[in-house]
file input15.cif (mmCIF, C-alpha atoms)
data_upload
#
loop_
_atom_site.label_atom_id
_atom_site.label_comp_id
_atom_site.auth_asym_id
_atom_site.auth_seq_id
_atom_site.Cartn_x
_atom_site.Cartn_y
_atom_site.Cartn_z
CA MET A 55 -14.55 59.32 38.12
CA ASN A 56 -18.04 60.57 37.48
CA PHE A 57 -20.32 57.63 36.74
CA ASN A 58 -23.23 59.84 35.70
CA GLU A 59 -21.09 61.48 33.04
CA LEU A 60 -19.85 58.06 31.96
CA GLN A 61 -23.40 56.77 31.73
CA LYS A 62 -24.29 59.68 29.46
CA GLN A 63 -21.36 58.93 27.17
CA TRP A 64 -22.29 55.26 27.26
CA ASN A 65 -25.80 56.04 26.07
CA ASP A 66 -24.52 58.42 23.37
CA GLU A 67 -22.12 55.89 21.89
CA PRO A 68 -22.78 55.78 18.13
CA THR A 69 -24.09 52.53 16.66
CA ASP A 70 -24.02 53.38 12.95
CA LYS A 71 -20.74 51.51 12.31
CA ILE A 72 -21.92 48.27 13.91
CA HIS A 73 -22.58 45.65 11.28
CA VAL A 74 -25.22 42.97 11.80
CA PRO A 75 -24.91 39.87 9.55
CA ASN A 76 -27.48 39.63 6.74
CA THR A 77 -28.34 36.00 7.42
CA ILE A 78 -28.02 33.57 10.31
CA ASP A 79 -26.15 31.09 8.11
CA THR A 80 -23.13 33.38 7.94
CA LEU A 81 -22.62 33.16 11.70
CA ARG A 82 -19.79 31.04 13.06
CA GLU A 83 -20.38 27.84 15.00
CA ALA A 84 -21.50 28.19 18.61
CA GLN A 85 -18.63 28.27 21.11
CA THR A 86 -20.09 28.40 24.60
CA PRO A 87 -18.84 25.63 26.96
CA ILE A 88 -22.27 23.99 26.66
CA ASP A 89 -21.96 23.80 22.89
CA LYS A 90 -18.35 22.61 23.09
CA VAL A 91 -19.30 19.85 25.53
CA ARG A 92 -22.17 18.78 23.29
CA LYS A 93 -19.82 18.58 20.33
CA LYS A 94 -17.40 16.43 22.31
CA MET A 95 -20.24 14.20 23.49
CA LYS A 96 -21.26 13.61 19.89
CA MET A 97 -17.69 12.67 18.92
CA ASP A 98 -17.40 10.46 21.99
CA PHE A 99 -20.63 8.69 21.10
CA PHE A 100 -19.46 7.79 17.60
CA SER A 101 -16.04 6.60 18.78
CA GLN A 102 -17.71 4.33 21.38
CA ILE A 103 -20.05 2.90 18.75
CA ILE A 104 -17.05 2.03 16.56
CA LEU A 105 -15.31 0.45 19.58
CA LEU A 106 -18.42 -1.59 20.39
CA ILE A 107 -18.66 -2.87 16.80
CA LEU A 108 -14.96 -3.78 16.80
CA THR A 109 -15.34 -5.62 20.12
CA GLY A 110 -18.26 -7.52 18.61
CA THR A 111 -15.99 -8.89 15.88
CA ALA A 112 -13.46 -10.25 18.41
CA PRO A 113 -14.68 -13.91 18.17
CA LEU A 114 -14.14 -13.82 14.41
CA ILE A 115 -10.80 -12.03 14.48
CA PHE A 116 -9.32 -14.18 17.27
CA ASN A 117 -10.95 -17.38 16.11
CA PHE A 118 -12.81 -18.11 19.35
CA SER A 119 -13.88 -21.69 20.07
CA LYS A 120 -17.60 -22.47 20.40
CA GLU A 121 -17.38 -22.37 24.24
CA ALA A 122 -15.51 -19.07 24.22
CA THR A 123 -18.03 -17.52 21.81
CA THR A 124 -20.90 -18.68 24.01
CA LEU A 125 -19.16 -17.08 26.98
CA PHE A 126 -18.46 -13.91 25.02
CA ILE A 127 -22.10 -13.27 24.06
CA PRO A 128 -23.50 -12.50 27.58
CA PHE A 129 -20.46 -10.34 28.40
CA TYR A 130 -20.89 -8.46 25.15
CA GLY A 131 -24.59 -8.08 25.93
CA MET A 132 -23.76 -6.60 29.34
CA MET A 133 -21.27 -4.16 27.80
CA THR A 134 -23.85 -3.06 25.23
CA GLY A 135 -26.53 -2.70 27.90
CA PHE A 136 -24.40 -0.48 30.15
CA MET A 137 -23.27 1.59 27.21
CA CYS A 138 -26.86 2.07 26.02
CA TYR A 139 -27.89 3.23 29.49
CA TYR A 140 -25.01 5.67 29.72
CA TYR A 141 -25.57 7.09 26.26
CA TYR A 142 -29.28 7.38 26.89
CA LYS A 143 -28.45 9.60 29.89
CA PHE A 144 -25.99 11.56 27.82
CA PHE A 145 -28.53 11.93 25.03
CA VAL A 146 -31.10 13.35 27.44
CA PHE A 147 -28.55 15.96 28.58
CA TYR A 148 -27.57 16.63 24.96
CA LYS A 149 -31.14 17.13 23.84
CA LYS A 150 -32.40 19.01 26.89
CA SER A 151 -32.92 22.53 25.69
CA TYR A 152 -30.90 24.88 27.77
CA ASP A 153 -32.46 28.26 28.21
CA MET A 154 -30.03 31.12 28.02
CA SER A 155 -32.77 33.50 29.09
CA PHE A 156 -32.72 32.14 32.65
CA ASP A 157 -30.97 34.33 35.17
CA SER A 158 -27.19 33.81 35.07
CA ARG A 159 -26.92 31.84 38.29
CA LYS A 160 -29.69 29.42 37.35
CA ASN A 161 -28.21 28.96 33.89
CA LEU A 162 -24.71 28.25 35.18
CA LEU A 163 -25.90 25.96 37.99
CA TRP A 164 -27.94 23.85 35.59
CA PHE A 165 -24.97 23.34 33.31
CA TYR A 166 -22.52 22.73 36.15
CA TYR A 167 -24.52 20.00 37.88
CA GLU A 168 -25.66 18.29 34.69
CA LEU A 169 -22.09 18.08 33.43
CA LYS A 170 -20.79 16.94 36.81
CA LEU A 171 -23.38 14.16 36.89
CA ASN A 172 -22.44 13.05 33.39
CA ILE A 173 -18.74 12.98 34.29
CA GLU A 174 -19.53 10.71 37.25
CA LEU A 175 -21.58 8.45 34.97
CA TYR A 176 -18.68 8.37 32.52
CA LYS A 177 -16.31 7.29 35.30
CA ALA A 178 -18.69 4.58 36.48
CA LEU A 179 -19.09 3.29 32.93
CA THR A 180 -15.31 3.09 32.41
CA TYR A 181 -14.85 1.05 35.62
CA ILE A 182 -17.74 -1.24 34.70
CA MET A 183 -16.32 -1.83 31.21
CA PHE A 184 -12.93 -2.75 32.62
CA PHE A 185 -14.51 -5.04 35.18
CA ILE A 186 -16.55 -6.81 32.49
CA GLY A 187 -13.50 -7.11 30.24
CA PHE A 188 -11.36 -8.42 33.07
CA SER A 189 -13.98 -10.94 34.21
CA PHE A 190 -14.35 -12.17 30.67
CA GLY A 191 -10.57 -12.56 30.40
CA VAL A 192 -10.39 -14.68 33.56
CA LEU A 193 -13.35 -16.88 32.58
CA PHE A 194 -12.00 -17.18 29.07
CA GLY A 195 -8.76 -18.53 30.54
CA ILE A 196 -10.68 -21.10 32.62
CA VAL A 197 -13.21 -22.15 29.96
CA THR A 198 -10.94 -22.45 26.97
CA LYS A 199 -9.41 -25.91 26.72
CA ASP A 200 -6.65 -24.89 24.42
CA HIS A 201 -4.12 -22.83 26.42
CA SER A 202 -1.48 -22.89 23.74
CA LYS A 203 -2.08 -19.24 22.78
CA ILE A 204 -1.66 -18.06 26.38
CA ASP A 205 1.37 -20.33 26.84
CA ASN A 206 2.92 -18.94 23.68
CA LEU A 207 2.45 -15.41 24.97
CA LEU A 208 4.08 -16.23 28.31
CA SER A 209 6.73 -18.57 26.93
CA GLY A 210 9.52 -16.01 27.21
CA PHE A 211 8.95 -15.41 30.95
CA GLU A 212 10.26 -17.58 33.76
CA ASN A 213 7.73 -16.65 36.41
CA LYS A 214 4.36 -16.70 34.71
CA ILE A 215 2.40 -15.81 37.85
CA GLN A 216 4.46 -12.65 38.34
CA VAL A 217 3.80 -11.62 34.76
CA LEU A 218 0.08 -12.12 35.25
CA ILE A 219 0.10 -10.06 38.46
CA ILE A 220 2.00 -7.25 36.73
CA PHE A 221 -0.47 -7.40 33.85
CA ILE A 222 -3.41 -7.11 36.27
CA VAL A 223 -1.80 -4.16 38.09
CA VAL A 224 -1.15 -2.40 34.78
CA MET A 225 -4.76 -2.95 33.74
CA VAL A 226 -6.06 -1.57 37.06
CA VAL A 227 -3.83 1.52 36.79
CA PHE A 228 -4.86 1.97 33.18
CA SER A 229 -8.57 1.72 34.03
CA PHE A 230 -8.06 4.23 36.88
CA PHE A 231 -6.31 6.59 34.48
CA MET A 232 -9.06 6.22 31.88
CA ALA A 233 -11.83 6.73 34.43
CA GLU A 234 -10.34 9.58 36.43
CA PHE A 235 -8.12 11.58 34.09
CA ILE A 236 -9.75 11.28 30.68
CA PRO A 237 -13.08 12.91 31.69
CA ARG A 238 -11.18 15.54 33.66
CA TRP A 239 -9.02 16.32 30.64
CA TYR A 240 -11.99 16.13 28.28
CA TYR A 241 -14.66 18.03 30.22
CA GLY A 242 -12.92 19.26 33.39
CA LYS A 243 -11.77 22.54 31.85
CA HIS A 244 -15.34 23.60 31.11
CA LEU A 245 -16.49 22.56 34.55
CA LYS A 246 -13.72 24.60 36.18
CA GLN A 247 -14.49 27.69 34.11
CA VAL A 248 -18.19 27.60 34.93
CA LYS A 249 -17.45 26.93 38.61
CA SER A 250 -15.18 29.95 38.78
CA VAL A 251 -17.97 32.25 37.48
CA LEU A 252 -20.44 30.66 39.90
CA ASP A 253 -18.03 31.33 42.78
CA GLN A 254 -17.76 34.96 41.72
CA LEU A 255 -21.55 35.22 41.79
CA ASP A 256 -21.81 33.56 45.19
CA GLU A 257 -19.09 35.67 46.82
CA GLU A 258 -20.54 37.74 49.63
CA MET B 229 -35.07 34.53 3.75
CA LYS B 230 -37.77 33.29 6.11
CA THR B 231 -40.03 35.83 7.81
CA THR B 232 -38.98 34.70 11.31
CA GLU B 233 -35.33 35.20 10.46
CA GLN B 234 -36.10 38.61 8.97
CA GLU B 235 -38.03 39.62 12.07
CA PHE B 236 -35.21 38.40 14.26
CA LEU B 237 -32.52 40.24 12.33
CA SER B 238 -34.48 43.46 12.38
CA LEU B 239 -34.84 43.07 16.16
CA ILE B 240 -31.08 42.62 16.38
CA GLU B 241 -30.57 45.71 14.21
CA ASP B 242 -32.66 47.72 16.68
CA HIS B 243 -30.65 46.47 19.67
CA LYS B 244 -27.21 46.06 18.12
CA GLY B 245 -25.77 48.75 20.39
CA LEU B 246 -26.49 46.60 23.43
CA ILE B 247 -24.75 43.54 21.93
CA HIS B 248 -21.82 45.65 20.77
CA LYS B 249 -21.34 47.14 24.24
CA VAL B 250 -21.40 43.76 25.97
CA SER B 251 -18.89 42.39 23.46
CA ARG B 252 -16.65 45.40 23.93
CA MET B 253 -16.74 45.01 27.70
CA TYR B 254 -15.88 41.34 27.65
CA MET B 255 -13.34 41.17 24.83
CA ASP B 256 -10.38 43.46 24.34
CA GLU B 257 -9.20 42.36 20.92
CA PRO B 258 -11.33 43.33 17.89
CA GLU B 259 -11.36 39.75 16.48
CA ASP B 260 -12.47 38.29 19.81
CA ARG B 261 -15.06 41.04 20.14
CA GLU B 262 -16.45 40.17 16.72
CA ASP B 263 -16.55 36.48 17.68
CA LEU B 264 -18.47 37.26 20.84
CA PHE B 265 -20.80 39.62 18.96
CA GLN B 266 -21.65 36.80 16.55
CA GLU B 267 -21.91 34.25 19.35
CA ILE B 268 -24.48 36.39 21.18
CA ILE B 269 -26.55 36.77 18.01
CA LEU B 270 -26.39 32.99 17.50
CA GLN B 271 -27.48 32.27 21.07
CA LEU B 272 -30.28 34.83 20.75
CA TRP B 273 -31.39 33.12 17.56
CA LYS B 274 -31.33 29.70 19.28
CA SER B 275 -33.56 30.93 22.08
CA TYR B 276 -35.72 33.17 19.86
CA GLY B 277 -38.23 30.34 19.35
CA SER B 278 -38.76 29.90 23.07
CA PHE B 279 -38.97 33.64 23.72
CA LYS B 280 -42.68 34.07 24.26
CA GLY B 281 -42.68 37.77 24.85
CA GLU B 282 -43.53 37.30 28.53
CA SER B 283 -40.60 39.49 29.43
CA LYS B 284 -39.43 42.61 27.66
CA VAL B 285 -37.25 42.13 24.57
CA SER B 286 -34.47 44.04 26.26
CA THR B 287 -34.62 41.81 29.38
CA TRP B 288 -34.39 38.68 27.25
CA MET B 289 -31.49 40.20 25.31
CA TYR B 290 -29.61 41.29 28.44
CA ARG B 291 -29.85 37.79 29.88
CA VAL B 292 -28.82 35.90 26.78
CA ALA B 293 -26.02 38.37 26.02
CA LEU B 294 -24.66 38.24 29.56
CA ASN B 295 -25.02 34.47 29.95
CA THR B 296 -23.14 34.01 26.69
CA SER B 297 -20.42 36.48 27.68
CA LEU B 298 -20.00 35.04 31.17
CA THR B 299 -18.97 31.72 29.69
CA PHE B 300 -17.19 32.94 26.58
CA PHE B 301 -13.69 32.02 27.66
CA LYS B 302 -11.95 32.30 24.34
CA LYS B 303 -8.65 34.16 24.58
CA ASP B 304 -9.95 36.26 27.47
CA LYS B 305 -6.70 36.15 29.41
CA ARG B 306 -5.12 39.08 27.66
CA LYS B 307 -4.33 42.00 29.91
CA PRO B 308 -4.83 45.60 28.86
CA ASP B 309 -2.02 46.99 26.83
CA ASN B 310 -0.63 49.64 29.17
CA ILE B 311 1.99 50.81 26.70
CA ARG B 312 -0.67 51.60 24.16
CA MET B 313 -2.72 53.41 26.80
CA HIS B 314 0.17 55.61 27.95
CA HIS B 315 0.98 56.46 24.39
CA LYS B 316 -2.59 57.67 23.94
CA MET B 317 -2.39 59.65 27.17
CA ASP B 318 0.45 61.77 25.81
CA VAL B 319 -1.61 62.95 22.89
CA LYS B 320 -3.32 66.20 23.81
CA ASP B 321 -6.58 66.86 22.10
CA ASP B 322 -8.87 69.71 23.03
CA ASN B 323 -11.66 68.43 20.89
CA GLU B 324 -14.53 67.47 23.19
CA ALA B 325 -15.69 64.49 21.15
CA SER B 326 -12.21 63.01 21.15
CA HIS B 327 -11.93 63.68 24.86
CA LYS B 328 -15.12 61.74 25.53
CA GLU B 329 -13.99 58.92 23.31
CA THR B 330 -10.76 58.75 25.28
CA GLN B 331 -12.69 58.59 28.54
CA LEU B 332 -14.72 55.67 27.22
CA ASP B 333 -11.54 54.04 25.90
CA TYR B 334 -9.97 54.29 29.34
CA PHE B 335 -13.12 52.97 30.90
CA TYR B 336 -13.19 49.93 28.60
CA LYS B 337 -9.51 49.26 29.20
CA ALA B 338 -10.03 49.33 32.94
CA VAL B 339 -13.13 47.14 32.65
CA HIS B 340 -11.07 44.40 30.98
CA THR B 341 -9.19 43.85 34.24
CA LEU B 342 -12.44 43.03 36.07
CA ASN B 343 -13.76 39.49 36.43
CA PRO B 344 -16.78 38.36 34.32
CA VAL B 345 -19.34 38.99 37.08
CA GLU B 346 -17.98 42.47 37.82
CA LYS B 347 -18.22 43.30 34.13
CA ALA B 348 -21.86 42.17 34.14
CA LEU B 349 -22.61 44.39 37.14
CA ILE B 350 -21.05 47.47 35.55
CA PHE B 351 -22.75 46.77 32.24
CA LEU B 352 -26.22 46.50 33.79
CA PHE B 353 -25.59 49.60 35.90
CA LEU B 354 -24.61 51.65 32.85
CA GLU B 355 -27.69 50.37 31.08
CA GLY B 356 -29.65 52.12 33.81
CA GLN B 357 -30.86 49.05 35.68
CA SER B 358 -31.85 49.24 39.35
CA HIS B 359 -30.21 47.05 41.99
CA LYS B 360 -33.32 44.89 41.97
CA GLU B 361 -33.16 44.39 38.21
CA ILE B 362 -29.43 43.68 38.31
CA GLY B 363 -30.01 41.08 41.03
CA SER B 364 -32.85 39.50 39.11
CA ASN B 365 -30.82 39.22 35.90
CA LEU B 366 -27.81 37.72 37.62
CA GLY B 367 -29.76 35.52 40.04
CA ILE B 368 -28.51 37.22 43.22
CA THR B 369 -30.32 39.23 45.88
CA GLU B 370 -30.90 42.96 45.58
CA VAL B 371 -28.67 43.61 48.60
CA ASN B 372 -25.89 41.46 47.19
CA ALA B 373 -26.19 43.24 43.84
CA ARG B 374 -25.85 46.65 45.58
CA VAL B 375 -22.85 45.57 47.65
CA LYS B 376 -21.10 43.96 44.70
CA LEU B 377 -21.80 46.93 42.42
CA ASN B 378 -20.42 49.45 44.93
CA ARG B 379 -17.29 47.37 45.39
CA THR B 380 -16.86 47.05 41.65
CA LYS B 381 -17.26 50.80 41.13
CA ASP B 382 -14.57 51.46 43.76
CA LYS B 383 -12.32 48.90 42.16
CA LEU B 384 -12.83 50.44 38.74
CA GLN B 385 -12.02 53.93 40.02
CA GLU B 386 -8.89 52.59 41.65
CA ILE B 387 -7.75 50.90 38.45
CA ILE B 388 -8.29 54.04 36.38
CA LYS B 389 -6.44 56.13 38.96
CA LYS B 390 -3.52 53.72 38.92
CA GLN B 391 -3.39 54.02 35.17
CA GLY B 392 -2.80 57.73 35.66
CA TYR B 393 -6.10 58.96 34.39
CA GLU B 394 -9.02 60.58 36.15
CA PHE B 395 -12.32 61.91 34.93
#
call {"tool": "encode", "arguments": {"input": "input15.cif", "output": "C-alpha cells"}}
result
Amino acid sequence: MNFNELQKQWNDEPTDKIHVPNTIDTLREAQTPIDKVRKKMKMDFFSQIILLILTGTAPLIFNFSKEATTLFIPFYGMMTGFMCYYYYKFFVFYKKSYDMSFDSRKNLLWFYYELKLNIELYKALTYIMFFIGFSFGVLFGIVTKDHSKIDNLLSGFENKIQVLIIFIVVMVVFSFFMAEFIPRWYYGKHLKQVKSVLDQLDEE
Amino acid sequence: MKTTEQEFLSLIEDHKGLIHKVSRMYMDEPEDREDLFQEIILQLWKSYGSFKGESKVSTWMYRVALNTSLTFFKKDKRKPDNIRMHHKMDVKDDNEASHKETQLDYFYKAVHTLNPVEKALIFLFLEGQSHKEIGSNLGITEVNARVKLNRTKDKLQEIIKKQGYEF
C-alpha cells in the first residue's frame, strides 16, 4: 500500500456533492456523551424537585400530629440542604463551558474526572437521604404517642421484631442498590466509553 | 440570518471536505455519517464564540471534529461488510477514476476496523500533519504519535492485505 498515492487521492477527493445545512436551526440535537449526560442531569434535577415537593406534603397527607410535624421540619430542612448542595455542584458542572478545541486528551480527561466526581457525589447524596429518612422513621416511632397505625400495619405478623429487622435489611439493600447501581446504569456507560478512548490514547 | 451565523456557515462551506472526511472515517453507514457530519458542525458552532483566532481555523476545526468523533459512539459497532467488498472486487474496471475511487473505498472500509484513536492518527497523517502536530492535537508526545502512527499504518496494510486487495 502506497501511502503517498493514497494521500494524493485523499486530497483530490471531490467536495462538490457535500451539502452544508443552510441554517444552524436545522441541525439535530447534540449527541456527544457530554451533551447526553447534561440532558440526563436536567431530567434528574426536575424529578428530584418533584420528589422533594411531594415529601414536603407528607405531614398533610399522613395527618401528622403536632409533635411529628415539628420533628419532620428539621429533617426536611436537612434533606433540602443536602440536595441543594448536590445540585449546586451538578449545576456548576452543567454550566461549565467545555471546550472542544482543547487537545483530545485534555478534553476527555476533563469530562471523565468531572463526571466521576459527580457520580460519587450522587452516591453520597443517596446514602445521606436514606440515613435521614431512616433516622426520621425511628424518631417518629419514638415521638408519636399514637402507635395504632404502626400496630395496624404489623397486626398480621406474629413476630413484630423480625418484621422490623427484615424491613430495615430491605431498606439498606434498596439504598445500596439506588446508590451503587442507578448512577452506574445512568451515567456509567458514558464514563466507560470515554475511559476506553483515554486508554487507547495512553497506550504506549 | 444573523451575520455571525452567515460567517460561520461560509467557513464551514470552505472546510466541508475536512468534516466530510472525518465523518466518513468514523462512520460506515451513510445515515450515521450524516449524523456525525451535523454533530461536528453543531459542536463547531457551539465553540465558535470562544474561538478567538489564536490558532489557525484548520487547527480549531481538526480538534473539534476529532474530539466530537472520538466520543460519537452512536451505532459505531458495525463491522465492514465483507460480502459487499468482495462483490465490488470482482467488478473489473479499467477506468482510472473508478480505480482510484475503489482504492479509497477499500481504504475507508479498512479504516472502519480501527479504533477511534487509530482513525484520528491516520486522518491527521493524511491531512499532511507532522508527528509533532499530530501529538499536539491528540495531547500525546511527538514520539508516541510517531510510534502509534507507524503501528497503525502497518495494521491498516495488514487489514487491506487480508481483504485480498493491495495497492
call {"tool": "atom_distance", "arguments": {"input": "input15.cif", "atom1": "atom CA of Asp253 of chain A", "atom2": "atom CA of Lys150 of chain A"}}
result
24.7 Å
call {"tool": "resolve_selection", "arguments": {"input": "input15.cif", "expression": "the PyMOL selection byres ((chain A and resi 124-135) around 10)", "output": "PDB file with C-alpha atoms, keeping the file's coordinate frame"}}
result
ATOM      1  CA  ILE A 103     -20.050   2.900  18.750  1.00  0.00           C
ATOM      2  CA  LEU A 106     -18.420  -1.590  20.390  1.00  0.00           C
ATOM      3  CA  ILE A 107     -18.660  -2.870  16.800  1.00  0.00           C
ATOM      4  CA  THR A 109     -15.340  -5.620  20.120  1.00  0.00           C
ATOM      5  CA  GLY A 110     -18.260  -7.520  18.610  1.00  0.00           C
ATOM      6  CA  ALA A 112     -13.460 -10.250  18.410  1.00  0.00           C
ATOM      7  CA  PRO A 113     -14.680 -13.910  18.170  1.00  0.00           C
ATOM      8  CA  PHE A 118     -12.810 -18.110  19.350  1.00  0.00           C
ATOM      9  CA  SER A 119     -13.880 -21.690  20.070  1.00  0.00           C
ATOM     10  CA  LYS A 120     -17.600 -22.470  20.400  1.00  0.00           C
ATOM     11  CA  GLU A 121     -17.380 -22.370  24.240  1.00  0.00           C
ATOM     12  CA  ALA A 122     -15.510 -19.070  24.220  1.00  0.00           C
ATOM     13  CA  THR A 123     -18.030 -17.520  21.810  1.00  0.00           C
ATOM     14  CA  PHE A 136     -24.400  -0.480  30.150  1.00  0.00           C
ATOM     15  CA  MET A 137     -23.270   1.590  27.210  1.00  0.00           C
ATOM     16  CA  CYS A 138     -26.860   2.070  26.020  1.00  0.00           C
ATOM     17  CA  TYR A 139     -27.890   3.230  29.490  1.00  0.00           C
ATOM     18  CA  TYR A 140     -25.010   5.670  29.720  1.00  0.00           C
ATOM     19  CA  TYR A 141     -25.570   7.090  26.260  1.00  0.00           C
ATOM     20  CA  LEU A 179     -19.090   3.290  32.930  1.00  0.00           C
ATOM     21  CA  ILE A 182     -17.740  -1.240  34.700  1.00  0.00           C
ATOM     22  CA  MET A 183     -16.320  -1.830  31.210  1.00  0.00           C
ATOM     23  CA  PHE A 184     -12.930  -2.750  32.620  1.00  0.00           C
ATOM     24  CA  ILE A 186     -16.550  -6.810  32.490  1.00  0.00           C
ATOM     25  CA  GLY A 187     -13.500  -7.110  30.240  1.00  0.00           C
ATOM     26  CA  SER A 189     -13.980 -10.940  34.210  1.00  0.00           C
ATOM     27  CA  PHE A 190     -14.350 -12.170  30.670  1.00  0.00           C
ATOM     28  CA  GLY A 191     -10.570 -12.560  30.400  1.00  0.00           C
ATOM     29  CA  LEU A 193     -13.350 -16.880  32.580  1.00  0.00           C
ATOM     30  CA  PHE A 194     -12.000 -17.180  29.070  1.00  0.00           C
ATOM     31  CA  VAL A 197     -13.210 -22.150  29.960  1.00  0.00           C
ATOM     32  CA  THR A 198     -10.940 -22.450  26.970  1.00  0.00           C
TER      33      THR A 198
END
call {"tool": "atom_distance", "arguments": {"input": "input15.cif", "atom1": "atom CA of Met154 of chain A", "atom2": "atom CA of Glu267 of chain B"}}
result
12.3 Å
call {"tool": "residues_around", "arguments": {"input": "input15.cif", "residues": "Glu235 of chain B", "least_positions_apart": "4", "cutoff": "12 Å", "atoms": "only C-alpha atoms", "output": "count of residues only"}}
result
13
call {"tool": "closest_residue", "arguments": {"input": "input15.cif", "among": "A:Phe165, A:Phe156, A:Phe230, A:Phe221", "to": "Thr180 of chain A", "atoms": "only C-alpha atoms"}}
result
A:Phe230
call {"tool": "resolve_selection", "arguments": {"input": "input15.cif", "expression": "the PyMOL selection byres ((chain B and resi 251-253) around 8)", "output": "list in words"}}
result
Ile247, His248, Lys249, Val250, Tyr254, Met255, Asp256, Arg261, Glu262, Leu264, Phe265, Ser297, Tyr336, Val339, His340, Lys347 and Phe351 of chain B
call {"tool": "closest_residue", "arguments": {"input": "input15.cif", "among": "B:Lys383, B:His359, B:Arg291, B:Lys389", "to": "chain A", "atoms": "all atoms listed in the file"}}
result
B:Arg291
call {"tool": "residues_near_point", "arguments": {"input": "input15.cif", "point": "(-27.9, 46.8, 33.3)", "cutoff": "12 Å", "atoms": "all atoms listed in the file", "output": "JSON, numbers by chain"}}
result
{"A": [61, 64, 65], "B": [246, 249, 250, 286, 287, 289, 290, 291, 293, 294, 346, 347, 348, 349, 350, 351, 352, 353, 354, 355, 356, 357, 358, 359, 360, 361, 362, 363, 364, 365, 366, 373, 377]}
call {"tool": "resolve_selection", "arguments": {"input": "input15.cif", "expression": "the PyMOL selection byres ((chain A) within 10 of (chain B))", "output": "MDAnalysis selection string"}}
result
chainID A and resid 55:65 67:88 151:162 244 247:248 250:258
call {"tool": "decode", "arguments": {"input": "input15.cif", "residues": "segment 344-367 of chain B", "atoms": "C-alpha atoms", "output": "PDB file, in the first residue's frame"}}
result
ATOM      1  CA  PRO B 344     -11.140   5.725  17.372  1.00  0.00           C
ATOM      2  CA  VAL B 345      -7.604   6.874  18.233  1.00  0.00           C
ATOM      3  CA  GLU B 346      -6.066   4.977  15.310  1.00  0.00           C
ATOM      4  CA  LYS B 347      -8.592   6.601  12.993  1.00  0.00           C
ATOM      5  CA  ALA B 348      -7.584  10.020  14.333  1.00  0.00           C
ATOM      6  CA  LEU B 349      -3.905   9.258  13.702  1.00  0.00           C
ATOM      7  CA  ILE B 350      -4.499   8.170  10.110  1.00  0.00           C
ATOM      8  CA  PHE B 351      -6.777  11.125   9.466  1.00  0.00           C
ATOM      9  CA  LEU B 352      -4.234  13.679  10.685  1.00  0.00           C
ATOM     10  CA  PHE B 353      -1.462  11.932   8.760  1.00  0.00           C
ATOM     11  CA  LEU B 354      -3.443  12.066   5.512  1.00  0.00           C
ATOM     12  CA  GLU B 355      -4.162  15.714   6.175  1.00  0.00           C
ATOM     13  CA  GLY B 356      -0.414  16.207   5.962  1.00  0.00           C
ATOM     14  CA  GLN B 357       0.278  16.871   9.634  1.00  0.00           C
ATOM     15  CA  SER B 358       3.719  16.268  11.130  1.00  0.00           C
ATOM     16  CA  HIS B 359       4.243  13.930  14.094  1.00  0.00           C
ATOM     17  CA  LYS B 360       4.574  16.993  16.298  1.00  0.00           C
ATOM     18  CA  GLU B 361       1.258  18.422  15.108  1.00  0.00           C
ATOM     19  CA  ILE B 362      -0.487  15.062  15.457  1.00  0.00           C
ATOM     20  CA  GLY B 363       0.826  14.752  19.020  1.00  0.00           C
ATOM     21  CA  SER B 364      -0.237  18.278  19.859  1.00  0.00           C
ATOM     22  CA  ASN B 365      -3.775  17.759  18.542  1.00  0.00           C
ATOM     23  CA  LEU B 366      -4.257  14.488  20.369  1.00  0.00           C
ATOM     24  CA  GLY B 367      -2.454  15.507  23.556  1.00  0.00           C
TER      25      GLY B 367
END
